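Below: protein38.txt (compact mmCIF, C-alpha atoms)
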# COMPACT_ATOMS: atom_id res chain seq x y z
CA MET V 1 72.83 191.30 19.78
CA VAL V 2 71.48 189.77 22.94
CA GLY V 3 73.11 186.45 23.72
CA GLU V 4 76.34 187.11 21.81
CA PRO V 5 79.53 187.10 23.94
CA LEU V 6 81.35 190.41 24.27
CA CYS V 7 84.67 190.49 22.49
CA GLY V 8 87.50 189.98 24.96
CA ALA V 9 85.17 189.14 27.87
CA ALA V 10 86.37 186.61 30.44
CA PRO V 11 84.86 183.14 30.21
CA GLY V 12 81.66 182.75 32.17
CA PRO V 13 81.24 180.23 34.98
CA SER V 14 79.96 177.53 32.61
CA GLU V 15 82.91 178.00 30.26
CA GLY V 16 85.37 177.79 33.16
CA ALA V 17 83.73 174.64 34.48
CA ALA V 18 83.83 173.07 31.04
CA SER V 19 87.52 173.91 30.72
CA ALA V 20 88.28 172.39 34.12
CA THR V 21 86.29 169.26 33.25
CA GLN V 22 88.13 168.86 29.96
CA GLY V 23 91.44 169.32 31.75
CA LEU V 24 90.54 166.58 34.21
CA ILE V 25 89.43 164.24 31.43
CA SER V 26 92.62 164.90 29.47
CA ALA V 27 94.79 164.25 32.52
CA VAL V 28 93.08 160.92 33.18
CA GLN V 29 93.16 159.86 29.53
CA SER V 30 96.84 160.71 29.21
CA ALA V 31 97.81 158.74 32.33
CA ARG V 32 99.20 155.22 32.18
CA LEU V 33 96.79 152.74 33.73
CA ILE V 34 98.40 149.85 35.61
CA ASP V 35 96.09 147.00 36.55
CA LEU V 36 96.78 145.74 40.08
CA SER V 37 94.41 142.79 39.78
CA HIS V 38 94.88 139.15 38.83
CA THR V 39 92.33 137.27 36.75
CA TRP V 40 90.05 135.34 39.08
CA GLU V 41 89.60 131.72 37.99
CA ILE V 42 88.32 128.48 39.50
CA GLN V 43 91.93 127.33 39.95
CA SER V 44 92.96 130.51 41.78
CA PRO V 45 94.29 130.09 45.33
CA VAL V 46 91.88 130.64 48.20
CA ALA V 47 92.66 130.89 51.91
CA SER V 48 91.44 127.77 53.69
CA VAL V 49 89.44 129.80 56.24
CA ASN V 50 87.20 131.19 53.48
CA PRO V 51 84.33 129.53 51.60
CA PRO V 52 85.32 127.96 48.27
CA TYR V 53 84.86 129.74 44.97
CA SER V 54 82.66 128.26 42.25
CA PHE V 55 81.62 129.46 38.81
CA ALA V 56 79.33 127.82 36.26
CA LEU V 57 77.27 129.01 33.33
CA ALA V 58 73.63 128.74 34.33
CA ALA V 59 72.46 129.73 30.86
CA THR V 60 74.27 129.19 27.58
CA HIS V 61 73.67 130.60 24.11
CA ALA V 62 72.74 127.14 22.79
CA LYS V 63 70.07 126.72 25.46
CA THR V 64 68.61 130.23 25.36
CA ARG V 65 68.35 130.86 21.63
CA GLY V 66 64.68 131.24 20.78
CA THR V 67 63.58 131.65 24.40
CA PHE V 68 61.38 134.63 23.55
CA GLY V 69 59.79 133.22 20.42
CA ASP V 70 61.69 135.57 18.10
CA GLY V 71 62.73 132.95 15.59
CA GLY V 72 66.04 132.35 17.26
CA GLN V 73 67.44 135.85 16.86
CA LEU V 74 68.34 136.51 20.49
CA SER V 75 70.47 134.32 22.72
CA PHE V 76 72.11 135.08 26.05
CA ALA V 77 74.41 133.62 28.68
CA SER V 78 74.60 134.10 32.44
CA GLU V 79 76.48 132.53 35.30
CA GLU V 80 76.16 131.57 38.93
CA MET V 81 79.00 132.25 41.36
CA HIS V 82 79.57 131.41 44.99
CA PHE V 83 82.35 133.21 46.79
CA SER V 84 83.26 135.10 49.93
CA GLY V 85 84.02 138.80 49.96
CA GLN V 86 87.26 137.91 51.77
CA HIS V 87 88.92 136.42 48.74
CA GLY V 88 89.44 137.64 45.24
CA ALA V 89 92.08 138.96 43.01
CA PRO V 90 92.35 141.28 44.88
CA SER V 91 89.88 141.63 47.76
CA ILE V 92 89.38 144.10 50.59
CA ASP V 93 88.35 143.38 54.18
CA ALA V 94 85.62 145.48 55.74
CA ILE V 95 86.31 146.89 59.20
CA GLY V 96 83.60 144.63 60.62
CA HIS V 97 85.40 141.55 59.27
CA ILE V 98 87.74 141.20 62.26
CA GLY V 99 87.09 141.45 66.00
CA ARG V 100 89.27 141.30 69.08
CA GLU V 101 87.99 139.81 72.35
CA GLY V 102 84.38 140.16 71.26
CA ARG V 103 84.65 143.76 70.07
CA LEU V 104 84.86 145.41 66.67
CA PHE V 105 86.53 148.73 65.92
CA GLY V 106 85.08 151.48 68.08
CA GLY V 107 84.04 149.07 70.81
CA VAL V 108 81.08 147.64 68.90
CA ASP V 109 79.78 144.33 70.23
CA ALA V 110 80.93 141.82 67.61
CA ALA V 111 78.32 139.16 68.34
CA GLN V 112 75.46 141.66 68.20
CA ALA V 113 76.79 143.19 64.96
CA THR V 114 76.47 139.80 63.25
CA ALA V 115 73.52 138.42 65.22
CA GLN V 116 71.49 138.20 62.02
CA GLN V 117 72.62 136.51 58.81
CA ASP V 118 71.53 139.52 56.76
CA GLY V 119 74.98 141.02 57.34
CA ILE V 120 77.04 143.26 59.58
CA GLY V 121 74.75 145.72 61.31
CA ALA V 122 71.51 143.83 60.70
CA GLY V 123 71.41 143.13 64.44
CA GLY V 124 71.12 146.84 65.19
CA VAL V 125 74.76 147.85 65.70
CA GLY V 126 77.87 148.06 63.57
CA ALA V 127 76.28 148.84 60.20
CA ASN V 128 78.92 151.54 59.69
CA LEU V 129 81.61 148.82 59.66
CA ALA V 130 80.24 146.93 56.64
CA ILE V 131 81.81 147.19 53.21
CA ASP V 132 78.91 149.22 51.78
CA GLN V 133 80.08 152.00 54.11
CA PHE V 134 83.57 152.15 52.57
CA PRO V 135 84.52 155.87 52.66
CA THR V 136 84.01 157.65 49.35
CA ASP V 137 87.22 159.65 49.82
CA LEU V 138 89.17 156.38 49.64
CA LEU V 139 87.68 155.29 46.32
CA VAL V 140 90.33 157.45 44.63
CA ASN V 141 93.35 158.22 46.81
CA ARG V 142 97.07 158.83 46.89
CA GLY V 143 98.78 155.48 46.64
CA VAL V 144 102.33 154.57 47.66
CA LEU V 145 104.22 151.39 46.75
CA LEU V 146 106.91 150.17 49.14
CA ASP V 147 108.96 147.58 47.24
CA VAL V 148 110.49 145.60 50.09
CA ALA V 149 111.38 142.68 47.80
CA THR V 150 113.72 144.82 45.69
CA LEU V 151 115.10 146.49 48.82
CA ILE V 152 116.13 143.11 50.27
CA GLN V 153 116.89 141.05 47.18
CA GLY V 154 118.46 143.78 45.07
CA ASP V 155 116.29 142.74 42.12
CA ALA V 156 112.74 141.58 41.34
CA ARG V 157 113.01 138.19 43.07
CA PRO V 158 110.34 137.42 45.68
CA LEU V 159 111.15 137.49 49.38
CA PRO V 160 111.78 134.17 51.14
CA ALA V 161 108.72 132.40 52.55
CA LYS V 162 109.72 132.99 56.18
CA PHE V 163 110.52 136.70 55.79
CA GLU V 164 108.87 139.12 58.22
CA VAL V 165 108.50 142.68 56.95
CA THR V 166 109.23 145.19 59.73
CA GLY V 167 108.68 148.89 60.14
CA ALA V 168 112.38 149.45 59.47
CA HIS V 169 112.03 147.69 56.11
CA LEU V 170 109.10 149.90 55.15
CA GLU V 171 110.94 153.04 56.19
CA ALA V 172 114.08 151.99 54.30
CA ALA V 173 112.07 151.21 51.17
CA ALA V 174 110.45 154.65 51.29
CA GLN V 175 113.83 156.34 51.69
CA ARG V 176 115.37 154.29 48.88
CA GLN V 177 112.50 155.20 46.58
CA GLY V 178 112.43 158.87 47.57
CA VAL V 179 108.82 158.85 48.75
CA ARG V 180 107.27 160.15 51.96
CA LEU V 181 104.20 158.57 53.50
CA ARG V 182 101.38 160.96 54.35
CA LYS V 183 98.43 160.66 56.66
CA GLY V 184 95.49 159.16 54.79
CA ASP V 185 97.54 157.23 52.21
CA THR V 186 96.75 153.90 50.61
CA VAL V 187 99.98 151.92 51.08
CA PHE V 188 100.87 148.77 49.14
CA ILE V 189 103.80 146.51 50.06
CA ARG V 190 105.51 144.36 47.44
CA THR V 191 106.88 141.00 48.59
CA GLY V 192 107.15 139.61 45.05
CA TRP V 193 104.78 136.76 45.82
CA GLY V 194 102.20 138.05 43.36
CA ALA V 195 104.19 136.26 40.67
CA TYR V 196 103.19 132.93 42.26
CA PHE V 197 99.44 133.60 42.16
CA LYS V 198 99.20 132.09 38.68
CA SER V 199 102.49 130.24 38.28
CA ASN V 200 102.53 128.32 41.58
CA ALA V 201 99.16 128.47 43.34
CA ALA V 202 100.11 125.72 45.78
CA LEU V 203 103.12 127.69 47.02
CA TYR V 204 101.11 130.91 47.09
CA ALA V 205 98.42 129.34 49.29
CA GLY V 206 100.83 127.23 51.33
CA GLU V 207 101.57 127.35 55.03
CA SER V 208 104.26 130.04 54.80
CA SER V 209 104.61 133.36 53.01
CA PRO V 210 106.32 136.69 53.71
CA GLY V 211 104.43 139.69 54.94
CA PRO V 212 104.17 142.39 57.58
CA GLY V 213 104.44 141.54 61.25
CA LEU V 214 103.20 143.59 64.19
CA ASP V 215 106.17 145.96 64.01
CA ALA V 216 105.27 146.87 60.42
CA ALA V 217 101.62 147.21 61.39
CA ASP V 218 102.54 149.70 64.11
CA PHE V 219 104.66 151.67 61.63
CA LEU V 220 101.72 151.92 59.19
CA ILE V 221 99.43 153.05 62.01
CA ARG V 222 101.89 155.75 63.09
CA GLN V 223 102.15 156.99 59.50
CA GLY V 224 98.38 157.39 59.32
CA ALA V 225 97.67 154.87 56.53
CA ARG V 226 93.96 154.25 55.96
CA VAL V 227 94.20 151.37 53.47
CA VAL V 228 97.07 148.88 53.31
CA GLY V 229 97.66 145.89 51.08
CA ASP V 230 100.17 143.52 49.57
CA ASP V 231 100.62 140.70 47.07
CA THR V 232 100.01 137.68 49.31
CA LEU V 233 97.04 135.54 50.31
CA THR V 234 96.59 136.90 53.85
CA PHE V 235 98.55 140.20 53.80
CA GLU V 236 100.38 139.44 57.05
CA GLN V 237 103.24 136.99 57.41
CA ARG V 238 102.06 133.38 57.35
CA PRO V 239 101.66 131.38 59.53
CA PRO V 240 99.77 134.34 61.04
CA VAL V 241 100.66 133.50 64.62
CA VAL V 242 102.66 135.15 67.40
CA THR V 243 103.37 133.60 70.81
CA ALA V 244 104.79 136.55 72.78
CA PRO V 245 103.86 138.41 74.86
CA ARG V 246 100.77 136.24 74.39
CA PHE V 247 99.42 133.80 71.82
CA GLN V 248 97.56 135.51 68.95
CA VAL V 249 96.20 134.31 65.60
CA PHE V 250 96.07 136.89 62.79
CA PRO V 251 97.61 139.51 65.07
CA VAL V 252 98.22 142.02 62.27
CA HIS V 253 94.60 141.84 61.14
CA MET V 254 93.46 142.52 64.70
CA ARG V 255 95.93 145.39 65.16
CA LEU V 256 95.05 147.10 61.89
CA ILE V 257 91.34 146.40 61.49
CA ALA V 258 89.85 145.81 64.94
CA ASP V 259 92.13 148.18 66.85
CA SER V 260 92.77 150.90 64.27
CA GLY V 261 90.01 150.82 61.63
CA ILE V 262 92.42 150.37 58.71
CA TYR V 263 91.26 148.46 55.63
CA ILE V 264 93.36 145.53 54.36
CA VAL V 265 93.71 144.51 50.69
CA GLU V 266 95.02 141.05 49.77
CA ASN V 267 96.07 139.33 46.51
CA LEU V 268 97.35 142.41 44.68
CA ASN V 269 99.37 142.16 41.48
CA LEU V 270 102.18 144.67 42.01
CA GLU V 271 104.71 143.46 39.43
CA GLU V 272 104.01 145.97 36.65
CA LEU V 273 103.82 148.83 39.14
CA ALA V 274 107.22 147.88 40.59
CA ALA V 275 108.78 147.39 37.15
CA ALA V 276 107.64 150.90 36.23
CA LYS V 277 109.19 152.23 39.47
CA ALA V 278 105.86 153.96 40.06
CA TYR V 279 106.10 154.57 43.79
CA GLU V 280 103.48 157.37 43.99
CA PHE V 281 100.24 157.20 42.03
CA ALA V 282 96.53 157.79 42.03
CA VAL V 283 94.89 154.54 43.10
CA VAL V 284 91.29 153.49 42.49
CA VAL V 285 89.83 151.02 45.03
CA PRO V 286 86.11 150.38 44.29
CA PRO V 287 84.52 147.71 46.53
CA LEU V 288 81.11 146.37 45.59
CA LYS V 289 78.44 148.18 47.58
CA VAL V 290 77.08 145.07 49.30
CA LYS V 291 74.88 145.98 52.27
CA GLY V 292 76.24 144.38 55.42
CA GLY V 293 79.13 142.80 53.53
CA THR V 294 82.26 141.66 55.36
CA GLY V 295 84.44 142.50 52.37
CA SER V 296 84.49 142.61 48.60
CA ALA V 297 86.38 141.49 45.57
CA VAL V 298 87.76 144.61 43.86
CA ARG V 299 89.26 145.64 40.52
CA ILE V 300 92.06 147.93 41.67
CA PHE V 301 94.20 150.02 39.33
CA ALA V 302 96.78 152.79 39.48
CA LEU V 303 97.09 155.89 37.32
CA VAL V 304 100.64 157.15 36.77
CA PRO V 305 102.19 159.71 34.44
CA ARG V 306 103.40 158.32 31.12

Rewrite the structure from the file as structure tokens, please.
Amino acid sequence: MVGEPLCGAAPGPSEGAASATQGLISAVQSARLIDLSHTWEIQSPVASVNPPYSFALAATHAKTRGTFGDGGQLSFASEEMHFSGQHGAPSIDAIGHIGREGRLFGGVDAAQATAQQDGIGAGGVGANLAIDQFPTDLLVNRGVLLDVATLIQGDARPLPAKFEVTGAHLEAAAQRQGVRLRKGDTVFIRTGWGAYFKSNAALYAGESSPGPGLDAADFLIRQGARVVGDDTLTFEQRPPVVTAPRFQVFPVHMRLIADSGIYIVENLNLEELAAAKAYEFAVVVPPLKVKGGTGSAVRIFALVPR
């Protein structure tokens, strides 16, 4: 009869596609999901160079019940928030967020790129450097964790506040963990300071914290990383200042973002990932698609085999 499959015939294209789709769904559903985000609250630490965070309910259920003349059946709540894309739990910096000597990545004129308050690129140049242009191939990527805290401390304790992470530390952590960095990776560095985000916000946002210096930044560039991040307020070692060969503020941000076009993630929660010894994983990094945005809060998570 017309329309009936022939006995023993190979699956048609639609059947093969359905099988592949189901296999993908099964693989995702069977993976362990590790949340790399903190809960963002009013008390959460914020870098002093960023606008403050505020949150308040603009509408409550008590106030809105009966709004539509339905006898009080429906009620709703909504909130107002004020925050910068450059802080969150975690957050990602757009490439247009940082300039060096008046230029953004690719030689774009920094002043012209932000000449209008409507966002990066509204002035006619640099729109490709805003967070809404975050590459789609980086939304889901190969992720690598380099647990420098465990490498140095021998256990889960955080690194000392004055500790500078170098390229040698990153290379040693990779060797210890048996992982190899590949061009295009998303690379996260654990300092252990993520544990202070909630337990000791004052220390977390204080004057000093561990993090990568310029040597580590150069290592990540040579390895071909496209997104990097860690579990501190500013990613790089704080205070973010070097004096030789010349004075620079936020030198790692300039080297990675302005010079090399590499995205930076801050305020990650890497404790569960490290405890699971999950050093290679599928990572999901979904910034908000804010036109002209200088960055975005993100809900980042890793998928690892159970």

Atom pair atom CA of Glu80 of chain V / atom CA of Ile42 of chain V: separation (Å): 12.6 Å

Work out how far atom CA of Asp137 of chain V is from atom CA of Ile92 of chain V, in Å to one decimal.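 Result for atom CA of Ile92 of chain V versus atom CA of Asp137 of chain V: 15.7 Å, one decimal.
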
Centre and edge lengths, as AutoDock Vina command-line options, for the axis-aligned box enclosing every listed atom of segment 59-65 of chain V with 6 Å of padding on each of the six sides, in Å to one decimal?
--center_x 71.3 --center_y 128.8 --center_z 26.2 --size_x 17.9 --size_y 16.1 --size_z 21.2

What is the distance, in Å and to one decimal place, between atom CA of Phe105 of chain V and atom CA of Arg226 of chain V? 13.6 Å

For Arg157 of chain V, which residue among V:Ser296, V:Gly192, V:Thr64, V:Ala113 is the nearest when counting only C-alpha atoms?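 So, comparing all the options, the nearest one is V:Gly192.
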
List as a PyMOL selection string the residues having at least one atom at most 8 Å from position (102.2, 127.9, 58.0) as given in the file, counting all atoms listed in the file. chain V and resi 206-209+238-240

Between V:Val140, V:Val252, V:Ala122, V:Ile189, single out the one closest to Gly293 of chain V, counting all atoms listed in the file.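 Using all atoms listed in the file, Gly293 of chain V sits closest to V:Ala122.
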
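In this comparison, which uses all atoms listed in the file, the residue of V:His97, V:Arg142, V:His61, V:His82 approaching Ala302 of chain V most closely is V:Arg142.
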
From the list V:Gln133, V:Gln117, V:Asn269, V:Ser260, the nearest residue to Gly224 of chain V using only C-alpha atoms is V:Ser260
